[in-house]
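The structure file structure25.cif is reproduced below (mmCIF, C-alpha atoms).
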```cif
data_final
#
loop_
_atom_site.group_PDB
_atom_site.id
_atom_site.type_symbol
_atom_site.label_atom_id
_atom_site.label_comp_id
_atom_site.auth_asym_id
_atom_site.auth_seq_id
_atom_site.Cartn_x
_atom_site.Cartn_y
_atom_site.Cartn_z
ATOM 1 C CA MET A 1367 9.359 -2.544 -30.251
ATOM 2 C CA ASN A 1368 6.978 -0.984 -32.722
ATOM 3 C CA MET A 1369 5.346 1.766 -30.698
ATOM 4 C CA GLY A 1370 2.886 2.380 -33.528
ATOM 5 C CA ALA A 1371 1.375 -1.048 -32.851
ATOM 6 C CA ILE A 1372 0.290 -0.058 -29.342
ATOM 7 C CA ASP A 1373 -3.473 0.115 -28.895
ATOM 8 C CA TRP A 1374 -3.714 3.133 -26.627
ATOM 9 C CA SER A 1375 -7.387 2.492 -25.868
ATOM 10 C CA VAL A 1376 -6.262 -0.813 -24.345
ATOM 11 C CA PHE A 1377 -3.068 0.581 -22.802
ATOM 12 C CA TRP A 1378 -4.495 3.361 -20.613
ATOM 13 C CA PRO A 1379 -7.305 1.701 -18.574
ATOM 14 C CA PRO A 1380 -4.971 -0.622 -16.586
ATOM 15 C CA VAL A 1381 -2.548 2.268 -16.001
ATOM 16 C CA ARG A 1382 -5.307 4.545 -14.694
ATOM 17 C CA LEU A 1383 -6.768 1.823 -12.499
ATOM 18 C CA SER A 1384 -3.348 0.888 -11.107
ATOM 19 C CA LEU A 1385 -2.658 4.506 -10.168
ATOM 20 C CA GLN A 1386 -6.092 4.874 -8.556
ATOM 21 C CA VAL A 1387 -5.723 1.638 -6.585
ATOM 22 C CA ALA A 1388 -2.159 2.466 -5.530
ATOM 23 C CA LEU A 1389 -3.063 6.010 -4.433
ATOM 24 C CA LEU A 1390 -6.113 5.017 -2.391
ATOM 25 C CA SER A 1391 -4.526 1.944 -0.822
ATOM 26 C CA SER A 1392 -1.304 3.765 0.068
ATOM 27 C CA ILE A 1393 -3.269 6.544 1.779
ATOM 28 C CA VAL A 1394 -5.287 4.040 3.820
ATOM 29 C CA ALA A 1395 -2.190 1.961 4.616
ATOM 30 C CA LEU A 1396 -0.392 5.140 5.702
ATOM 31 C CA LEU A 1397 -3.192 6.213 8.047
ATOM 32 C CA ILE A 1398 -3.390 2.775 9.643
ATOM 33 C CA GLY A 1399 0.379 2.350 9.647
ATOM 34 C CA VAL A 1400 0.980 5.691 11.371
ATOM 35 C CA ALA A 1401 -1.535 4.920 14.103
ATOM 36 C CA VAL A 1402 -0.277 1.382 14.730
ATOM 37 C CA ALA A 1403 3.421 2.291 14.483
ATOM 38 C CA TRP A 1404 3.017 5.177 16.938
ATOM 39 C CA LYS A 1405 1.229 2.935 19.400
ATOM 40 C CA MET A 1406 3.734 0.092 19.020
ATOM 41 C CA SER A 1407 6.776 2.372 19.225
ATOM 42 C CA ARG A 1408 5.534 3.626 22.575
ATOM 43 C CA SER A 1409 4.434 0.218 23.869
ATOM 44 C CA SER A 1410 6.395 -2.120 26.117
ATOM 45 C CA SER A 1411 3.808 -4.876 26.474
ATOM 46 C CA ARG A 1412 4.928 -8.503 26.620
ATOM 47 C CA GLY A 1413 2.925 -9.465 23.546
ATOM 48 C CA LYS A 1414 4.520 -6.781 21.374
ATOM 49 C CA VAL A 1415 6.912 -9.129 19.567
ATOM 50 C CA PHE A 1416 4.134 -11.575 18.694
ATOM 51 C CA LEU A 1417 1.842 -8.814 17.441
ATOM 52 C CA GLU A 1418 4.596 -7.211 15.365
ATOM 53 C CA THR A 1419 5.423 -10.570 13.805
ATOM 54 C CA LEU A 1420 1.761 -10.963 12.863
ATOM 55 C CA LEU A 1421 1.676 -7.477 11.339
ATOM 56 C CA MET A 1422 4.742 -8.204 9.211
ATOM 57 C CA LEU A 1423 3.491 -11.564 7.883
ATOM 58 C CA PRO A 1424 2.092 -10.205 4.576
ATOM 59 C CA LEU A 1425 5.618 -9.091 3.712
ATOM 60 C CA VAL A 1426 6.974 -12.637 3.661
ATOM 61 C CA LEU A 1427 3.921 -14.726 2.788
ATOM 62 C CA PRO A 1428 3.452 -15.677 -0.889
ATOM 63 C CA PRO A 1429 0.955 -13.249 -2.482
ATOM 64 C CA THR A 1430 -1.282 -16.172 -3.437
ATOM 65 C CA VAL A 1431 -1.530 -17.149 0.228
ATOM 66 C CA VAL A 1432 -2.534 -13.590 1.140
ATOM 67 C CA GLY A 1433 -5.051 -13.631 -1.702
ATOM 68 C CA PHE A 1434 -6.491 -16.957 -0.604
ATOM 69 C CA LEU A 1435 -6.917 -15.773 2.990
ATOM 70 C CA LEU A 1436 -8.635 -12.597 1.770
ATOM 71 C CA LEU A 1437 -10.843 -14.694 -0.493
ATOM 72 C CA VAL A 1438 -11.922 -16.810 2.480
ATOM 73 C CA LEU A 1439 -12.431 -13.732 4.656
ATOM 74 C CA LEU A 1440 -14.311 -11.608 2.113
ATOM 75 C CA GLY A 1441 -15.921 -14.258 -0.079
ATOM 76 C CA ARG A 1442 -19.676 -14.487 -0.570
ATOM 77 C CA ARG A 1443 -19.839 -17.481 1.771
ATOM 78 C CA SER A 1444 -18.130 -15.685 4.654
ATOM 79 C CA LEU A 1445 -19.990 -13.723 7.310
ATOM 80 C CA LEU A 1446 -18.043 -10.551 6.524
ATOM 81 C CA GLY A 1447 -18.543 -10.990 2.789
ATOM 82 C CA ARG A 1448 -22.312 -11.416 3.184
ATOM 83 C CA TRP A 1449 -22.446 -8.396 5.481
ATOM 84 C CA ILE A 1450 -20.616 -6.212 2.946
ATOM 85 C CA GLU A 1451 -22.846 -7.446 0.127
ATOM 86 C CA ALA A 1452 -25.970 -6.691 2.161
ATOM 87 C CA ILE A 1453 -24.834 -3.127 2.833
ATOM 88 C CA PHE A 1454 -23.545 -2.237 -0.646
ATOM 89 C CA SER A 1455 -25.826 -4.547 -2.659
ATOM 90 C CA ALA A 1456 -22.767 -5.994 -4.383
ATOM 91 C CA PRO A 1457 -19.966 -8.384 -3.393
ATOM 92 C CA VAL A 1458 -16.517 -6.949 -2.793
ATOM 93 C CA ILE A 1459 -14.863 -9.898 -4.547
ATOM 94 C CA PHE A 1460 -13.999 -9.246 -8.217
ATOM 95 C CA SER A 1461 -14.426 -5.492 -7.854
ATOM 96 C CA TRP A 1462 -11.789 -2.798 -7.922
ATOM 97 C CA TRP A 1463 -12.318 -2.396 -4.178
ATOM 98 C CA ALA A 1464 -10.959 -5.918 -3.785
ATOM 99 C CA ALA A 1465 -7.785 -4.761 -5.532
ATOM 100 C CA VAL A 1466 -7.574 -1.855 -3.071
ATOM 101 C CA ILE A 1467 -7.955 -4.174 -0.079
ATOM 102 C CA ALA A 1468 -5.288 -6.554 -1.390
ATOM 103 C CA SER A 1469 -2.913 -3.658 -1.969
ATOM 104 C CA ILE A 1470 -3.527 -2.261 1.522
ATOM 105 C CA VAL A 1471 -2.667 -5.616 3.093
ATOM 106 C CA VAL A 1472 0.575 -6.119 1.165
ATOM 107 C CA ALA A 1473 1.685 -2.464 1.478
ATOM 108 C CA PHE A 1474 0.985 -2.142 5.201
ATOM 109 C CA PRO A 1475 4.116 -3.934 6.515
ATOM 110 C CA LEU A 1476 6.435 -1.584 4.585
ATOM 111 C CA VAL A 1477 4.510 1.458 5.787
ATOM 112 C CA TYR A 1478 4.428 0.214 9.362
ATOM 113 C CA GLN A 1479 8.127 -0.635 9.558
ATOM 114 C CA THR A 1480 9.143 2.694 8.020
ATOM 115 C CA MET A 1481 6.956 4.710 10.372
ATOM 116 C CA LYS A 1482 8.048 2.725 13.408
ATOM 117 C CA SER A 1483 11.690 3.504 12.601
ATOM 118 C CA GLY A 1484 10.753 7.151 12.125
ATOM 119 C CA PHE A 1485 8.968 7.366 15.469
ATOM 120 C CA ASN A 1486 11.797 5.546 17.261
ATOM 121 C CA GLY A 1487 14.168 8.189 15.928
ATOM 122 C CA VAL A 1488 12.262 11.045 17.565
ATOM 123 C CA ASP A 1489 13.937 12.453 20.666
ATOM 124 C CA ARG A 1490 11.779 11.472 23.639
ATOM 125 C CA ASP A 1491 13.072 14.462 25.601
ATOM 126 C CA LEU A 1492 11.332 16.787 23.150
ATOM 127 C CA GLU A 1493 8.061 14.921 23.658
ATOM 128 C CA ASP A 1494 8.490 15.109 27.427
ATOM 129 C CA ALA A 1495 9.178 18.833 27.140
ATOM 130 C CA GLY A 1496 5.846 19.264 25.347
ATOM 131 C CA ARG A 1497 4.045 17.334 28.068
ATOM 132 C CA SER A 1498 5.749 19.415 30.749
ATOM 133 C CA ILE A 1499 4.139 22.600 29.411
ATOM 134 C CA GLY A 1500 0.665 21.050 29.424
ATOM 135 C CA ALA A 1501 0.330 19.420 26.007
ATOM 136 C CA ASN A 1502 -1.823 16.285 25.905
ATOM 137 C CA GLU A 1503 -0.797 13.139 24.019
ATOM 138 C CA TRP A 1504 -2.588 14.144 20.826
ATOM 139 C CA GLN A 1505 -0.926 17.565 20.834
ATOM 140 C CA VAL A 1506 2.481 16.001 21.444
ATOM 141 C CA PHE A 1507 1.908 13.640 18.528
ATOM 142 C CA ARG A 1508 0.487 16.319 16.217
ATOM 143 C CA TYR A 1509 2.972 19.123 16.866
ATOM 144 C CA ILE A 1510 6.166 17.306 17.898
ATOM 145 C CA THR A 1511 6.333 13.601 16.988
ATOM 146 C CA LEU A 1512 4.733 13.683 13.534
ATOM 147 C CA PRO A 1513 6.670 16.715 12.200
ATOM 148 C CA LEU A 1514 9.970 15.248 13.408
ATOM 149 C CA ALA A 1515 9.099 11.983 11.646
ATOM 150 C CA GLY A 1516 8.118 13.846 8.484
ATOM 151 C CA ARG A 1517 10.743 12.264 6.244
ATOM 152 C CA ALA A 1518 9.711 8.789 7.372
ATOM 153 C CA LEU A 1519 6.106 9.740 6.645
ATOM 154 C CA MET A 1520 6.914 10.645 3.053
ATOM 155 C CA THR A 1521 9.082 7.561 2.577
ATOM 156 C CA ALA A 1522 6.376 5.298 4.007
ATOM 157 C CA PHE A 1523 3.773 6.703 1.620
ATOM 158 C CA ILE A 1524 6.002 6.327 -1.424
ATOM 159 C CA LEU A 1525 7.073 2.788 -0.538
ATOM 160 C CA GLY A 1526 3.456 1.842 0.120
ATOM 161 C CA PHE A 1527 2.428 3.362 -3.219
ATOM 162 C CA ALA A 1528 5.169 1.526 -5.105
ATOM 163 C CA ARG A 1529 4.328 -1.783 -3.424
ATOM 164 C CA ALA A 1530 0.621 -1.372 -4.149
ATOM 165 C CA LEU A 1531 1.383 -0.440 -7.755
ATOM 166 C CA GLY A 1532 3.222 -3.703 -8.308
ATOM 167 C CA GLU A 1533 0.807 -5.995 -6.475
ATOM 168 C CA PHE A 1534 -0.163 -9.023 -8.570
ATOM 169 C CA GLY A 1535 -0.826 -12.328 -6.804
ATOM 170 C CA ALA A 1536 -3.306 -11.306 -4.108
ATOM 171 C CA THR A 1537 -5.060 -8.932 -6.513
ATOM 172 C CA LEU A 1538 -5.511 -11.668 -9.108
ATOM 173 C CA MET A 1539 -6.962 -13.985 -6.454
ATOM 174 C CA ILE A 1540 -9.689 -11.691 -5.120
ATOM 175 C CA ALA A 1541 -10.163 -9.051 -7.835
ATOM 176 C CA GLY A 1542 -9.575 -11.145 -10.942
ATOM 177 C CA ASN A 1543 -8.475 -9.712 -14.257
ATOM 178 C CA ILE A 1544 -11.537 -8.065 -15.765
ATOM 179 C CA PRO A 1545 -10.522 -5.562 -18.496
ATOM 180 C CA GLY A 1546 -11.760 -2.072 -17.726
ATOM 181 C CA LYS A 1547 -12.904 -3.093 -14.242
ATOM 182 C CA THR A 1548 -10.217 -4.860 -12.204
ATOM 183 C CA GLN A 1549 -7.328 -5.274 -14.645
ATOM 184 C CA THR A 1550 -4.227 -3.542 -13.283
ATOM 185 C CA VAL A 1551 -0.871 -3.159 -15.036
ATOM 186 C CA PRO A 1552 0.731 -6.290 -13.474
ATOM 187 C CA THR A 1553 -2.211 -8.495 -14.462
ATOM 188 C CA ALA A 1554 -2.351 -6.874 -17.887
ATOM 189 C CA ILE A 1555 1.332 -7.684 -18.435
ATOM 190 C CA TYR A 1556 0.709 -11.298 -17.458
ATOM 191 C CA VAL A 1557 -2.150 -11.653 -19.952
ATOM 192 C CA ALA A 1558 -0.185 -9.873 -22.698
ATOM 193 C CA VAL A 1559 2.804 -12.187 -22.275
ATOM 194 C CA ASP A 1560 0.576 -15.249 -22.092
ATOM 195 C CA SER A 1561 -1.160 -14.266 -25.355
ATOM 196 C CA GLY A 1562 2.121 -13.427 -27.104
ATOM 197 C CA ASN A 1563 1.466 -9.672 -27.333
ATOM 198 C CA GLN A 1564 5.028 -8.535 -26.655
ATOM 199 C CA THR A 1565 4.364 -4.950 -27.750
ATOM 200 C CA MET A 1566 1.689 -4.307 -25.113
ATOM 201 C CA ALA A 1567 3.673 -6.239 -22.508
ATOM 202 C CA TRP A 1568 6.693 -3.996 -23.120
ATOM 203 C CA ALA A 1569 4.559 -0.849 -23.078
ATOM 204 C CA TRP A 1570 3.021 -1.674 -19.690
ATOM 205 C CA THR A 1571 6.354 -2.874 -18.308
ATOM 206 C CA ILE A 1572 8.098 0.368 -19.282
ATOM 207 C CA SER A 1573 5.250 2.434 -17.812
ATOM 208 C CA ILE A 1574 5.392 0.739 -14.424
ATOM 209 C CA ILE A 1575 9.208 0.885 -14.358
ATOM 210 C CA ILE A 1576 9.122 4.642 -15.019
ATOM 211 C CA ILE A 1577 6.465 5.289 -12.365
ATOM 212 C CA SER A 1578 8.233 3.115 -9.772
ATOM 213 C CA PHE A 1579 11.620 4.704 -10.546
ATOM 214 C CA LEU A 1580 10.245 8.206 -10.093
ATOM 215 C CA MET A 1581 8.542 7.282 -6.829
ATOM 216 C CA LEU A 1582 11.691 5.685 -5.414
ATOM 217 C CA LEU A 1583 13.767 8.624 -6.630
ATOM 218 C CA MET A 1584 11.599 10.898 -4.502
ATOM 219 C CA THR A 1585 12.590 8.950 -1.388
ATOM 220 C CA ARG A 1586 16.260 9.637 -2.135
ATOM 221 C CA GLN A 1587 16.007 13.390 -2.729
ATOM 222 C CA PRO A 1588 15.691 14.606 0.902
ATOM 223 C CA GLN A 1589 18.564 12.381 2.058
ATOM 224 C CA ASP A 1590 20.849 13.373 -0.806
ATOM 225 C CA SER A 1591 20.128 17.078 -0.447
ATOM 226 C CA LYS A 1592 20.703 16.840 3.316
ATOM 227 C CA THR A 1593 24.046 15.084 2.971
ATOM 228 C CA SER A 1594 25.190 17.553 0.330
#
```
Produce structure tokens that represent the structure in this file.
Amino acid sequence: MNMGAIDWSVFWPPVRLSLQVALLSSIVALLIGVAVAWKMSRSSSRGKVFLETLLMLPLVLPPTVVGFLLLVLLGRRSLLGRWIEAIFSAPVIFSWWAAVIASIVVAFPLVYQTMKSGFNGVDRDLEDAGRSIGANEWQVFRYITLPLAGRALMTAFILGFARALGEFGATLMIAGNIPGKTQTVPTAIYVAVDSGNQTMAWAWTISIIIISFLMLLMTRQPQDSKTS
């Protein structure tokens, strides 16, 4: 690959936007995932299995199906879409916020499952000990449960970030591929390959591989250092 042929003014905007979308969506997915996973890990309701199956659906559904459902839900003809447009004076569809929403939806199942496993691994006796000395549920969660699930918290964020970074199908459906506005690295790679620009396709591919590798490597460090 001739690196000198790379147009850096074209290369950087999708990279920056992908990082922004991945960071914001992974934070939101983490906040929602922590709350839902904590509630579900402590729940014994009869409808728990059905609800959990519903929460995990975006993980197995084709991204285009997720994108289509979001398009119907947030489109300009939908009640929610018209409500959002009335408040912000602009539709959410084909904006970078649409890319954030798509990434939140597809990243959530990974975040949720990771945090649920982390919370299930917390010793309930320690939580009961906190309650026995007068701590309320929020204090038990804040000072006992969450710190003990700290490694799961970090892993959930990184996995959510990596999944959001690589999101393509749902993003293309509701955010489009507008250069400088909604074009992320995955959609940029698709366009570059389709137009025969192998140099830019390789450049973006290498960039996302490096970022994803480093993020996944971070999830391995605590475990490896602990076992050593």
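Of the listed residues (A:Ile1393, A:Glu1533, A:Leu1436, A:Leu1445), A:Ile1393 comes nearest to Met1520 (chain A); the distances count only C-alpha atoms.
Residues matched by the PyMOL selection byres ((chain A and resi 1553) around 9) in this structure: Pro1380, Glu1533, Phe1534, Gly1535, Thr1537, Leu1538, Gly1542, Asn1543, Gln1549, Thr1550, Val1551, Pro1552, Ala1554, Ile1555, Tyr1556, Val1557 and Ala1558 of chain A.
With only C-alpha atoms as the atoms that count, the residue of A:Met1422, A:Val1431, A:Ile1467, A:Ala1456 with the shortest distance to Ser1392 (chain A) is A:Ile1467.
Coordinates place CA of Thr1521 (chain A) at a distance of 12.5 Å from CA of Ala1473 (chain A).
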* Could you spell out the hits of the PyMOL selection byres ((chain A and resi 1531) around 7) on the shown file, as a list of chain:residue names? -> A:Ser1384, A:Leu1385, A:Ala1388, A:Phe1527, A:Ala1528, A:Arg1529, A:Ala1530, A:Gly1532, A:Glu1533
